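File shown: input-v3.cif (mmCIF, N, CA and C atoms).
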data_target
#
loop_
_atom_site.label_atom_id
_atom_site.label_comp_id
_atom_site.auth_asym_id
_atom_site.auth_seq_id
_atom_site.Cartn_x
_atom_site.Cartn_y
_atom_site.Cartn_z
N MET A 1 -8.70 57.94 -39.54
CA MET A 1 -8.91 59.21 -40.20
C MET A 1 -7.67 59.60 -40.98
N PHE A 2 -7.88 60.27 -42.04
CA PHE A 2 -6.79 60.75 -42.87
C PHE A 2 -6.95 62.27 -43.02
N PRO A 3 -5.90 62.97 -43.40
CA PRO A 3 -6.08 64.41 -43.64
C PRO A 3 -7.06 64.62 -44.80
N TYR A 4 -7.90 65.61 -44.67
CA TYR A 4 -8.89 65.90 -45.70
C TYR A 4 -8.30 66.65 -46.89
N ALA A 5 -7.05 67.06 -46.79
CA ALA A 5 -6.37 67.73 -47.88
C ALA A 5 -4.98 67.10 -48.04
N THR A 6 -4.41 67.30 -49.20
CA THR A 6 -3.10 66.71 -49.50
C THR A 6 -1.99 67.76 -49.38
N VAL A 7 -0.78 67.27 -49.31
CA VAL A 7 0.39 68.15 -49.29
C VAL A 7 0.39 69.01 -50.56
N GLU A 8 0.04 68.41 -51.68
CA GLU A 8 0.03 69.14 -52.95
C GLU A 8 -0.99 70.28 -52.92
N GLN A 9 -2.17 70.03 -52.36
CA GLN A 9 -3.18 71.09 -52.25
C GLN A 9 -2.68 72.21 -51.35
N PHE A 10 -2.03 71.84 -50.25
CA PHE A 10 -1.48 72.84 -49.34
C PHE A 10 -0.43 73.69 -50.05
N ARG A 11 0.50 73.03 -50.74
CA ARG A 11 1.58 73.76 -51.42
C ARG A 11 1.03 74.63 -52.55
N GLU A 12 -0.05 74.21 -53.16
CA GLU A 12 -0.67 75.03 -54.22
C GLU A 12 -1.25 76.32 -53.62
N MET A 13 -1.87 76.20 -52.44
CA MET A 13 -2.45 77.38 -51.78
C MET A 13 -1.38 78.26 -51.14
N PHE A 14 -0.31 77.63 -50.64
CA PHE A 14 0.74 78.35 -49.91
C PHE A 14 2.11 77.98 -50.47
N PRO A 15 2.41 78.41 -51.70
CA PRO A 15 3.67 78.02 -52.33
C PRO A 15 4.91 78.57 -51.63
N GLU A 16 4.75 79.60 -50.81
CA GLU A 16 5.89 80.20 -50.12
C GLU A 16 6.31 79.45 -48.86
N THR A 17 5.57 78.41 -48.49
CA THR A 17 5.87 77.70 -47.25
C THR A 17 7.25 77.06 -47.30
N GLU A 18 7.90 77.06 -46.15
CA GLU A 18 9.20 76.42 -46.02
C GLU A 18 9.10 75.12 -45.24
N ALA A 19 7.88 74.72 -44.91
CA ALA A 19 7.66 73.50 -44.14
C ALA A 19 7.96 72.27 -45.00
N SER A 20 8.47 71.24 -44.35
CA SER A 20 8.75 69.98 -45.04
C SER A 20 7.43 69.23 -45.26
N ASP A 21 7.46 68.22 -46.13
CA ASP A 21 6.26 67.42 -46.37
C ASP A 21 5.77 66.78 -45.07
N THR A 22 6.68 66.30 -44.24
CA THR A 22 6.30 65.68 -42.97
C THR A 22 5.61 66.69 -42.06
N GLN A 23 6.15 67.90 -41.98
CA GLN A 23 5.52 68.94 -41.17
C GLN A 23 4.13 69.28 -41.71
N ILE A 24 4.02 69.37 -43.02
CA ILE A 24 2.73 69.70 -43.63
C ILE A 24 1.72 68.61 -43.34
N ILE A 25 2.12 67.35 -43.45
CA ILE A 25 1.21 66.24 -43.14
C ILE A 25 0.72 66.35 -41.70
N ASN A 26 1.63 66.62 -40.77
CA ASN A 26 1.23 66.77 -39.37
C ASN A 26 0.27 67.94 -39.19
N LEU A 27 0.53 69.06 -39.87
CA LEU A 27 -0.37 70.20 -39.80
C LEU A 27 -1.73 69.88 -40.40
N LEU A 28 -1.74 69.17 -41.52
CA LEU A 28 -3.00 68.81 -42.16
C LEU A 28 -3.81 67.84 -41.30
N GLU A 29 -3.14 66.93 -40.61
CA GLU A 29 -3.84 66.02 -39.70
C GLU A 29 -4.48 66.79 -38.55
N ALA A 30 -3.72 67.70 -37.96
CA ALA A 30 -4.26 68.51 -36.87
C ALA A 30 -5.39 69.41 -37.36
N ALA A 31 -5.22 69.98 -38.54
CA ALA A 31 -6.26 70.84 -39.12
C ALA A 31 -7.51 70.04 -39.46
N SER A 32 -7.35 68.80 -39.89
CA SER A 32 -8.50 67.94 -40.17
C SER A 32 -9.26 67.62 -38.88
N THR A 33 -8.52 67.40 -37.80
CA THR A 33 -9.15 67.19 -36.50
C THR A 33 -9.90 68.45 -36.08
N ASP A 34 -9.31 69.62 -36.33
CA ASP A 34 -10.00 70.88 -36.04
C ASP A 34 -11.27 71.00 -36.87
N ALA A 35 -11.20 70.63 -38.15
CA ALA A 35 -12.38 70.69 -39.03
C ALA A 35 -13.48 69.79 -38.50
N ASP A 36 -13.11 68.60 -38.02
CA ASP A 36 -14.11 67.72 -37.42
C ASP A 36 -14.76 68.38 -36.21
N ALA A 37 -13.96 69.00 -35.36
CA ALA A 37 -14.51 69.67 -34.18
C ALA A 37 -15.42 70.83 -34.58
N LEU A 38 -15.00 71.60 -35.57
CA LEU A 38 -15.78 72.76 -36.00
C LEU A 38 -17.09 72.37 -36.69
N THR A 39 -17.13 71.14 -37.21
CA THR A 39 -18.35 70.65 -37.87
C THR A 39 -19.11 69.65 -37.01
N PHE A 40 -18.74 69.60 -35.73
CA PHE A 40 -19.40 68.71 -34.77
C PHE A 40 -19.34 67.25 -35.24
N ASN A 41 -18.21 66.87 -35.84
CA ASN A 41 -17.92 65.52 -36.32
C ASN A 41 -18.86 65.03 -37.42
N ARG A 42 -19.48 65.95 -38.12
CA ARG A 42 -20.36 65.55 -39.23
C ARG A 42 -19.58 64.93 -40.39
N ILE A 43 -18.34 65.39 -40.60
CA ILE A 43 -17.53 64.84 -41.69
C ILE A 43 -17.21 63.38 -41.38
N THR A 44 -16.78 63.11 -40.17
CA THR A 44 -16.46 61.75 -39.76
C THR A 44 -17.71 60.87 -39.78
N ALA A 45 -18.81 61.42 -39.32
CA ALA A 45 -20.05 60.64 -39.23
C ALA A 45 -20.54 60.15 -40.58
N CYS A 46 -20.49 61.01 -41.58
CA CYS A 46 -21.01 60.60 -42.89
C CYS A 46 -19.92 60.09 -43.81
N GLY A 47 -18.66 60.45 -43.53
CA GLY A 47 -17.55 60.05 -44.39
C GLY A 47 -17.25 61.14 -45.41
N PHE A 48 -15.99 61.51 -45.51
CA PHE A 48 -15.58 62.58 -46.42
C PHE A 48 -16.01 62.29 -47.85
N GLU A 49 -15.87 61.05 -48.27
CA GLU A 49 -16.19 60.68 -49.65
C GLU A 49 -17.68 60.79 -49.96
N ARG A 50 -18.52 60.85 -48.94
CA ARG A 50 -19.97 60.97 -49.15
C ARG A 50 -20.44 62.43 -49.16
N LEU A 51 -19.53 63.37 -48.89
CA LEU A 51 -19.88 64.79 -49.01
C LEU A 51 -20.04 65.14 -50.48
N THR A 52 -20.78 66.20 -50.76
CA THR A 52 -20.90 66.66 -52.14
C THR A 52 -19.56 67.20 -52.60
N PRO A 53 -19.32 67.27 -53.90
CA PRO A 53 -18.05 67.85 -54.37
C PRO A 53 -17.83 69.26 -53.84
N PHE A 54 -18.89 70.07 -53.77
CA PHE A 54 -18.76 71.42 -53.22
C PHE A 54 -18.32 71.38 -51.76
N GLN A 55 -18.95 70.51 -50.96
CA GLN A 55 -18.58 70.38 -49.55
C GLN A 55 -17.13 69.90 -49.40
N GLN A 56 -16.73 68.94 -50.22
CA GLN A 56 -15.36 68.45 -50.17
C GLN A 56 -14.37 69.57 -50.46
N THR A 57 -14.66 70.39 -51.46
CA THR A 57 -13.79 71.51 -51.80
C THR A 57 -13.71 72.51 -50.65
N CYS A 58 -14.85 72.82 -50.04
CA CYS A 58 -14.87 73.74 -48.90
C CYS A 58 -14.02 73.19 -47.75
N VAL A 59 -14.19 71.91 -47.44
CA VAL A 59 -13.45 71.29 -46.35
C VAL A 59 -11.96 71.30 -46.66
N GLN A 60 -11.58 70.95 -47.87
CA GLN A 60 -10.16 70.92 -48.24
C GLN A 60 -9.54 72.31 -48.16
N ARG A 61 -10.24 73.32 -48.66
CA ARG A 61 -9.72 74.69 -48.57
C ARG A 61 -9.59 75.13 -47.12
N ALA A 62 -10.60 74.82 -46.31
CA ALA A 62 -10.56 75.20 -44.89
C ALA A 62 -9.43 74.49 -44.16
N VAL A 63 -9.23 73.21 -44.46
CA VAL A 63 -8.17 72.45 -43.81
C VAL A 63 -6.80 73.02 -44.18
N CYS A 64 -6.59 73.35 -45.43
CA CYS A 64 -5.31 73.95 -45.83
C CYS A 64 -5.10 75.29 -45.13
N ARG A 65 -6.15 76.10 -45.07
CA ARG A 65 -6.02 77.40 -44.41
C ARG A 65 -5.81 77.24 -42.91
N GLN A 66 -6.47 76.25 -42.30
CA GLN A 66 -6.28 76.01 -40.87
C GLN A 66 -4.87 75.50 -40.61
N ALA A 67 -4.35 74.67 -41.49
CA ALA A 67 -2.97 74.18 -41.33
C ALA A 67 -2.00 75.35 -41.38
N ASP A 68 -2.22 76.28 -42.29
CA ASP A 68 -1.36 77.46 -42.36
C ASP A 68 -1.53 78.32 -41.11
N PHE A 69 -2.76 78.48 -40.63
CA PHE A 69 -3.02 79.24 -39.40
C PHE A 69 -2.29 78.61 -38.23
N ARG A 70 -2.33 77.28 -38.14
CA ARG A 70 -1.62 76.57 -37.06
C ARG A 70 -0.11 76.78 -37.20
N CYS A 71 0.39 76.74 -38.42
CA CYS A 71 1.82 76.92 -38.66
C CYS A 71 2.26 78.33 -38.26
N GLN A 72 1.49 79.32 -38.64
CA GLN A 72 1.83 80.71 -38.35
C GLN A 72 1.71 81.06 -36.87
N ASN A 73 0.87 80.31 -36.15
CA ASN A 73 0.61 80.62 -34.74
C ASN A 73 0.97 79.48 -33.81
N ALA A 74 1.87 78.61 -34.23
CA ALA A 74 2.20 77.41 -33.46
C ALA A 74 2.65 77.72 -32.04
N GLU A 75 3.49 78.71 -31.88
CA GLU A 75 4.00 79.00 -30.55
C GLU A 75 2.91 79.48 -29.60
N LEU A 76 1.85 80.05 -30.13
CA LEU A 76 0.75 80.51 -29.28
C LEU A 76 -0.16 79.37 -28.85
N PHE A 77 -0.36 78.40 -29.73
CA PHE A 77 -1.30 77.32 -29.43
C PHE A 77 -0.66 76.10 -28.80
N ASP A 78 0.61 75.90 -29.05
CA ASP A 78 1.28 74.72 -28.51
C ASP A 78 1.87 74.96 -27.13
N GLY A 79 1.96 76.21 -26.73
CA GLY A 79 2.53 76.53 -25.43
C GLY A 79 1.53 76.32 -24.31
N ALA A 80 2.04 76.16 -23.11
CA ALA A 80 1.19 75.95 -21.96
C ALA A 80 0.84 77.25 -21.25
N ILE A 81 1.42 78.36 -21.68
CA ILE A 81 1.19 79.63 -21.01
C ILE A 81 -0.16 80.20 -21.44
N ALA A 82 -1.01 80.49 -20.46
CA ALA A 82 -2.31 81.08 -20.74
C ALA A 82 -2.24 82.60 -20.69
N SER A 83 -1.34 83.13 -19.90
CA SER A 83 -1.20 84.57 -19.76
C SER A 83 0.22 84.88 -19.34
N TYR A 84 0.72 86.02 -19.80
CA TYR A 84 2.08 86.39 -19.45
C TYR A 84 2.15 87.90 -19.34
N SER A 85 2.76 88.37 -18.30
CA SER A 85 2.93 89.80 -18.08
C SER A 85 4.30 90.04 -17.49
N LEU A 86 4.97 91.08 -17.96
CA LEU A 86 6.30 91.41 -17.47
C LEU A 86 6.45 92.93 -17.45
N ASN A 87 6.66 93.47 -16.28
CA ASN A 87 6.82 94.92 -16.13
C ASN A 87 5.70 95.71 -16.79
N GLY A 88 4.48 95.22 -16.63
CA GLY A 88 3.33 95.93 -17.16
C GLY A 88 2.98 95.60 -18.60
N ALA A 89 3.81 94.85 -19.29
CA ALA A 89 3.50 94.45 -20.67
C ALA A 89 2.86 93.08 -20.66
N SER A 90 1.82 92.90 -21.46
CA SER A 90 1.16 91.60 -21.53
C SER A 90 0.75 91.31 -22.96
N VAL A 91 0.42 90.06 -23.21
CA VAL A 91 0.00 89.62 -24.53
C VAL A 91 -1.40 89.03 -24.42
N THR A 92 -2.29 89.46 -25.32
CA THR A 92 -3.64 88.90 -25.36
C THR A 92 -4.03 88.71 -26.82
N PHE A 93 -5.00 87.83 -27.04
CA PHE A 93 -5.52 87.61 -28.39
C PHE A 93 -6.49 88.72 -28.75
N ASP A 94 -6.46 89.14 -30.00
CA ASP A 94 -7.47 90.06 -30.52
C ASP A 94 -8.69 89.21 -30.85
N LYS A 95 -9.73 89.33 -30.05
CA LYS A 95 -10.91 88.47 -30.18
C LYS A 95 -11.59 88.60 -31.54
N ASP A 96 -11.35 89.70 -32.26
CA ASP A 96 -11.93 89.87 -33.58
C ASP A 96 -11.16 89.11 -34.65
N ARG A 97 -9.98 88.61 -34.30
CA ARG A 97 -9.15 87.93 -35.29
C ARG A 97 -9.11 86.43 -35.10
N ILE A 98 -9.88 85.92 -34.13
CA ILE A 98 -9.98 84.48 -33.94
C ILE A 98 -11.43 84.09 -33.70
N VAL A 99 -11.74 82.84 -34.00
CA VAL A 99 -13.05 82.25 -33.73
C VAL A 99 -12.79 81.03 -32.87
N THR A 100 -13.55 80.90 -31.80
CA THR A 100 -13.43 79.74 -30.94
C THR A 100 -14.75 79.00 -30.91
N VAL A 101 -14.71 77.72 -31.25
CA VAL A 101 -15.87 76.84 -31.17
C VAL A 101 -15.45 75.70 -30.27
N GLY A 102 -16.06 75.63 -29.10
CA GLY A 102 -15.60 74.66 -28.11
C GLY A 102 -14.18 75.00 -27.71
N GLU A 103 -13.29 74.07 -27.88
CA GLU A 103 -11.87 74.29 -27.57
C GLU A 103 -11.03 74.58 -28.82
N THR A 104 -11.67 74.62 -29.97
CA THR A 104 -10.95 74.79 -31.23
C THR A 104 -10.86 76.26 -31.59
N VAL A 105 -9.66 76.71 -31.90
CA VAL A 105 -9.40 78.10 -32.27
C VAL A 105 -9.03 78.15 -33.74
N THR A 106 -9.60 79.10 -34.45
CA THR A 106 -9.30 79.25 -35.87
C THR A 106 -9.42 80.72 -36.26
N ALA A 107 -9.09 81.01 -37.49
CA ALA A 107 -9.23 82.36 -38.03
C ALA A 107 -10.63 82.51 -38.61
N PRO A 108 -11.19 83.72 -38.59
CA PRO A 108 -12.52 83.92 -39.15
C PRO A 108 -12.63 83.47 -40.61
N GLY A 109 -11.57 83.69 -41.39
CA GLY A 109 -11.59 83.28 -42.79
C GLY A 109 -11.69 81.78 -42.97
N VAL A 110 -11.02 81.03 -42.10
CA VAL A 110 -11.09 79.57 -42.15
C VAL A 110 -12.51 79.12 -41.83
N TYR A 111 -13.06 79.68 -40.77
CA TYR A 111 -14.41 79.28 -40.36
C TYR A 111 -15.45 79.68 -41.41
N ALA A 112 -15.26 80.82 -42.06
CA ALA A 112 -16.18 81.25 -43.10
C ALA A 112 -16.20 80.26 -44.27
N VAL A 113 -15.04 79.78 -44.67
CA VAL A 113 -14.96 78.79 -45.76
C VAL A 113 -15.66 77.50 -45.34
N LEU A 114 -15.42 77.06 -44.12
CA LEU A 114 -16.02 75.81 -43.64
C LEU A 114 -17.53 75.95 -43.49
N LYS A 115 -17.99 77.13 -43.08
CA LYS A 115 -19.43 77.36 -42.93
C LYS A 115 -20.16 77.25 -44.26
N GLN A 116 -19.49 77.58 -45.35
CA GLN A 116 -20.11 77.48 -46.68
C GLN A 116 -20.56 76.06 -46.99
N SER A 117 -19.91 75.08 -46.38
CA SER A 117 -20.24 73.68 -46.63
C SER A 117 -21.58 73.29 -46.01
N GLY A 118 -22.08 74.09 -45.06
CA GLY A 118 -23.32 73.77 -44.36
C GLY A 118 -23.13 72.78 -43.23
N LEU A 119 -21.89 72.44 -42.92
CA LEU A 119 -21.62 71.42 -41.89
C LEU A 119 -21.38 72.00 -40.50
N CYS A 120 -21.42 73.31 -40.38
CA CYS A 120 -21.12 73.95 -39.09
C CYS A 120 -22.38 74.38 -38.33
N VAL A 121 -23.53 74.06 -38.85
CA VAL A 121 -24.79 74.46 -38.21
C VAL A 121 -24.89 73.77 -36.85
N ARG A 122 -25.23 74.51 -35.83
CA ARG A 122 -25.26 73.98 -34.47
C ARG A 122 -26.49 73.14 -34.18
N ARG A 123 -27.53 73.29 -34.94
CA ARG A 123 -28.74 72.50 -34.66
C ARG A 123 -28.57 71.07 -35.14
N LEU A 124 -29.43 70.20 -34.69
CA LEU A 124 -29.35 68.78 -35.08
C LEU A 124 -29.79 68.58 -36.46
#
Translate the structure of the given file into structure tokens.
Amino acid sequence: MFPYATVEQFREMFPETEASDTQIINLLEAASTDADALTFNRITACGFERLTPFQQTCVQRAVCRQADFRCQNAELFDGAIASYSLNGASVTFDKDRIVTVGETVTAPGVYAVLKQSGLCVRRL
């Protein structure tokens, strides 16, 4: 598998990023894996190159946005802590600001872009 989006596409969408090309590639690979999970592996099953141009564009935009989401929230998703409380203060996710499909967490905007491709339908 390869990332469904390029470093250039990511930098075009997020020109303010300070991430190195290597970091972006790693983020894009993880985001592509997330896209596969969110589409129930339909992209892998049929092959990215066999998607329609519209579907490819949706997937690439979603992957770039998911990579940015992962970058912005890395400490929350890469950590092993599920809950933390100290002297009555605790941290929780705002359920309206994330979408969870299986074990994959994303932003509603990312999922909305991916849903446009028609690949996120839960039925067979």
For this file, the PyMOL selection byres ((chain A and resi 31) around 7) selects which residues, as a VMD selection string?
chain A and resid 4 26 to 30 32 to 36 62 to 64 66 to 67
Which residue gives the smallest distance to Glu8 of chain A among A:Arg70, A:Gln60, A:Thr39, A:Leu51, with only C-alpha atoms counted?
A:Gln60
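Using only C-alpha atoms, the smallest distance between any of A:Arg42, A:Arg65, A:Arg11, A:Arg122 and Pro108 of chain A comes from A:Arg65.
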Tell me, in Å to one decimal, how far atom C of Val7 of chain A is from atom CA of Val121 of chain A.
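Taking atom C of Val7 of chain A and atom CA of Val121 of chain A, their separation equals 28.6 Å.
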Residue set, chain A restricted to alpha helix (DSSP H), as a ChimeraX atom specification:
/A:7-13,21-38,42-46,53-72,74-78,108-115
Coordinates-based distance that separates atom CA of Ile24 of chain A from atom C of Phe10 of chain A (Å, one decimal)
8.2 Å
Could you go through chain A and tell me which residues DSSP, when run on the backbone, assigns to strand (DSSP E or B), listing them as a PDB file with N, CA and C atoms, in the frame of the given file?
ATOM      1  N   SER A  85       2.760  88.370 -18.300  1.00  0.00           N
ATOM      2  CA  SER A  85       2.930  89.800 -18.080  1.00  0.00           C
ATOM      3  C   SER A  85       4.300  90.040 -17.490  1.00  0.00           C
ATOM      4  N   LEU A  86       4.970  91.080 -17.960  1.00  0.00           N
ATOM      5  CA  LEU A  86       6.300  91.410 -17.470  1.00  0.00           C
ATOM      6  C   LEU A  86       6.450  92.930 -17.450  1.00  0.00           C
ATOM      7  N   ALA A  89       3.810  94.850 -19.290  1.00  0.00           N
ATOM      8  CA  ALA A  89       3.500  94.450 -20.670  1.00  0.00           C
ATOM      9  C   ALA A  89       2.860  93.080 -20.660  1.00  0.00           C
ATOM     10  N   SER A  90       1.820  92.900 -21.460  1.00  0.00           N
ATOM     11  CA  SER A  90       1.160  91.600 -21.530  1.00  0.00           C
ATOM     12  C   SER A  90       0.750  91.310 -22.960  1.00  0.00           C
ATOM     13  N   VAL A  99     -11.740  82.840 -34.000  1.00  0.00           N
ATOM     14  CA  VAL A  99     -13.050  82.250 -33.730  1.00  0.00           C
ATOM     15  C   VAL A  99     -12.790  81.030 -32.870  1.00  0.00           C
ATOM     16  N   THR A 100     -13.550  80.900 -31.800  1.00  0.00           N
ATOM     17  CA  THR A 100     -13.430  79.740 -30.940  1.00  0.00           C
ATOM     18  C   THR A 100     -14.750  79.000 -30.910  1.00  0.00           C
ATOM     19  N   VAL A 101     -14.710  77.720 -31.250  1.00  0.00           N
ATOM     20  CA  VAL A 101     -15.870  76.840 -31.170  1.00  0.00           C
ATOM     21  C   VAL A 101     -15.450  75.700 -30.270  1.00  0.00           C
ATOM     22  N   THR A 104     -11.670  74.620 -29.970  1.00  0.00           N
ATOM     23  CA  THR A 104     -10.950  74.790 -31.230  1.00  0.00           C
ATOM     24  C   THR A 104     -10.860  76.260 -31.590  1.00  0.00           C
ATOM     25  N   VAL A 105      -9.660  76.710 -31.900  1.00  0.00           N
ATOM     26  CA  VAL A 105      -9.400  78.100 -32.270  1.00  0.00           C
ATOM     27  C   VAL A 105      -9.030  78.150 -33.740  1.00  0.00           C
ATOM     28  N   THR A 106      -9.600  79.100 -34.450  1.00  0.00           N
ATOM     29  CA  THR A 106      -9.300  79.250 -35.870  1.00  0.00           C
ATOM     30  C   THR A 106      -9.420  80.720 -36.260  1.00  0.00           C
TER      31      THR A 106
END
On this structure, the PyMOL selection byres (((chain A and resi 111-117 and name CA) around 6) and name CA) would catch which residues? List them as number ranges by chain, sorted by chain and number.
A: 55, 58-59, 62, 108-110, 118-120
Could N, CA, C and O atoms be built for segment 28-49 of chain A and written out as an mmCIF file, in the frame of the given file?
data_model
loop_
_atom_site.group_PDB
_atom_site.id
_atom_site.type_symbol
_atom_site.label_atom_id
_atom_site.label_comp_id
_atom_site.auth_asym_id
_atom_site.auth_seq_id
_atom_site.Cartn_x
_atom_site.Cartn_y
_atom_site.Cartn_z
ATOM 1 N N LEU A 28 -1.740 69.170 -41.520
ATOM 2 C CA LEU A 28 -3.000 68.810 -42.160
ATOM 3 C C LEU A 28 -3.810 67.840 -41.300
ATOM 4 O O LEU A 28 -5.046 67.929 -41.246
ATOM 5 N N GLU A 29 -3.140 66.930 -40.610
ATOM 6 C CA GLU A 29 -3.840 66.020 -39.700
ATOM 7 C C GLU A 29 -4.480 66.790 -38.550
ATOM 8 O O GLU A 29 -5.641 66.559 -38.209
ATOM 9 N N ALA A 30 -3.720 67.700 -37.960
ATOM 10 C CA ALA A 30 -4.260 68.510 -36.870
ATOM 11 C C ALA A 30 -5.390 69.410 -37.360
ATOM 12 O O ALA A 30 -6.422 69.556 -36.692
ATOM 13 N N ALA A 31 -5.220 69.980 -38.540
ATOM 14 C CA ALA A 31 -6.260 70.840 -39.120
ATOM 15 C C ALA A 31 -7.510 70.040 -39.460
ATOM 16 O O ALA A 31 -8.631 70.545 -39.318
ATOM 17 N N SER A 32 -7.350 68.800 -39.890
ATOM 18 C CA SER A 32 -8.500 67.940 -40.170
ATOM 19 C C SER A 32 -9.260 67.620 -38.880
ATOM 20 O O SER A 32 -10.489 67.597 -38.857
ATOM 21 N N THR A 33 -8.520 67.400 -37.800
ATOM 22 C CA THR A 33 -9.150 67.190 -36.500
ATOM 23 C C THR A 33 -9.900 68.450 -36.080
ATOM 24 O O THR A 33 -11.032 68.366 -35.570
ATOM 25 N N ASP A 34 -9.310 69.620 -36.330
ATOM 26 C CA ASP A 34 -10.000 70.880 -36.040
ATOM 27 C C ASP A 34 -11.270 71.000 -36.870
ATOM 28 O O ASP A 34 -12.315 71.428 -36.366
ATOM 29 N N ALA A 35 -11.200 70.630 -38.150
ATOM 30 C CA ALA A 35 -12.380 70.690 -39.030
ATOM 31 C C ALA A 35 -13.480 69.790 -38.500
ATOM 32 O O ALA A 35 -14.665 70.156 -38.511
ATOM 33 N N ASP A 36 -13.110 68.600 -38.020
ATOM 34 C CA ASP A 36 -14.110 67.720 -37.420
ATOM 35 C C ASP A 36 -14.760 68.380 -36.210
ATOM 36 O O ASP A 36 -15.984 68.328 -36.047
ATOM 37 N N ALA A 37 -13.960 69.000 -35.360
ATOM 38 C CA ALA A 37 -14.510 69.670 -34.180
ATOM 39 C C ALA A 37 -15.420 70.830 -34.580
ATOM 40 O O ALA A 37 -16.495 71.012 -33.998
ATOM 41 N N LEU A 38 -15.000 71.600 -35.570
ATOM 42 C CA LEU A 38 -15.780 72.760 -36.000
ATOM 43 C C LEU A 38 -17.090 72.370 -36.690
ATOM 44 O O LEU A 38 -18.024 73.158 -36.739
ATOM 45 N N THR A 39 -17.130 71.140 -37.210
ATOM 46 C CA THR A 39 -18.350 70.650 -37.870
ATOM 47 C C THR A 39 -19.110 69.650 -37.010
ATOM 48 O O THR A 39 -19.980 68.946 -37.498
ATOM 49 N N PHE A 40 -18.740 69.600 -35.730
ATOM 50 C CA PHE A 40 -19.400 68.710 -34.770
ATOM 51 C C PHE A 40 -19.340 67.250 -35.240
ATOM 52 O O PHE A 40 -20.311 66.502 -35.121
ATOM 53 N N ASN A 41 -18.210 66.870 -35.840
ATOM 54 C CA ASN A 41 -17.920 65.520 -36.320
ATOM 55 C C ASN A 41 -18.860 65.030 -37.420
ATOM 56 O O ASN A 41 -18.989 63.832 -37.643
ATOM 57 N N ARG A 42 -19.480 65.950 -38.120
ATOM 58 C CA ARG A 42 -20.360 65.550 -39.230
ATOM 59 C C ARG A 42 -19.580 64.930 -40.390
ATOM 60 O O ARG A 42 -20.089 64.064 -41.083
ATOM 61 N N ILE A 43 -18.340 65.390 -40.600
ATOM 62 C CA ILE A 43 -17.530 64.840 -41.690
ATOM 63 C C ILE A 43 -17.210 63.380 -41.380
ATOM 64 O O ILE A 43 -17.371 62.510 -42.243
ATOM 65 N N THR A 44 -16.780 63.110 -40.170
ATOM 66 C CA THR A 44 -16.460 61.750 -39.760
ATOM 67 C C THR A 44 -17.710 60.870 -39.780
ATOM 68 O O THR A 44 -17.665 59.717 -40.221
ATOM 69 N N ALA A 45 -18.810 61.420 -39.320
ATOM 70 C CA ALA A 45 -20.050 60.640 -39.230
ATOM 71 C C ALA A 45 -20.540 60.150 -40.580
ATOM 72 O O ALA A 45 -20.943 58.993 -40.715
ATOM 73 N N CYS A 46 -20.490 61.010 -41.580
ATOM 74 C CA CYS A 46 -21.010 60.600 -42.890
ATOM 75 C C CYS A 46 -19.920 60.090 -43.810
ATOM 76 O O CYS A 46 -20.195 59.378 -44.767
ATOM 77 N N GLY A 47 -18.660 60.450 -43.530
ATOM 78 C CA GLY A 47 -17.550 60.050 -44.390
ATOM 79 C C GLY A 47 -17.250 61.140 -45.410
ATOM 80 O O GLY A 47 -18.154 61.642 -46.075
ATOM 81 N N PHE A 48 -15.990 61.510 -45.510
ATOM 82 C CA PHE A 48 -15.580 62.580 -46.420
ATOM 83 C C PHE A 48 -16.010 62.290 -47.850
ATOM 84 O O PHE A 48 -16.482 63.177 -48.562
ATOM 85 N N GLU A 49 -15.870 61.050 -48.270
ATOM 86 C CA GLU A 49 -16.190 60.680 -49.650
ATOM 87 C C GLU A 49 -17.680 60.790 -49.960
ATOM 88 O O GLU A 49 -18.078 60.869 -51.124
#
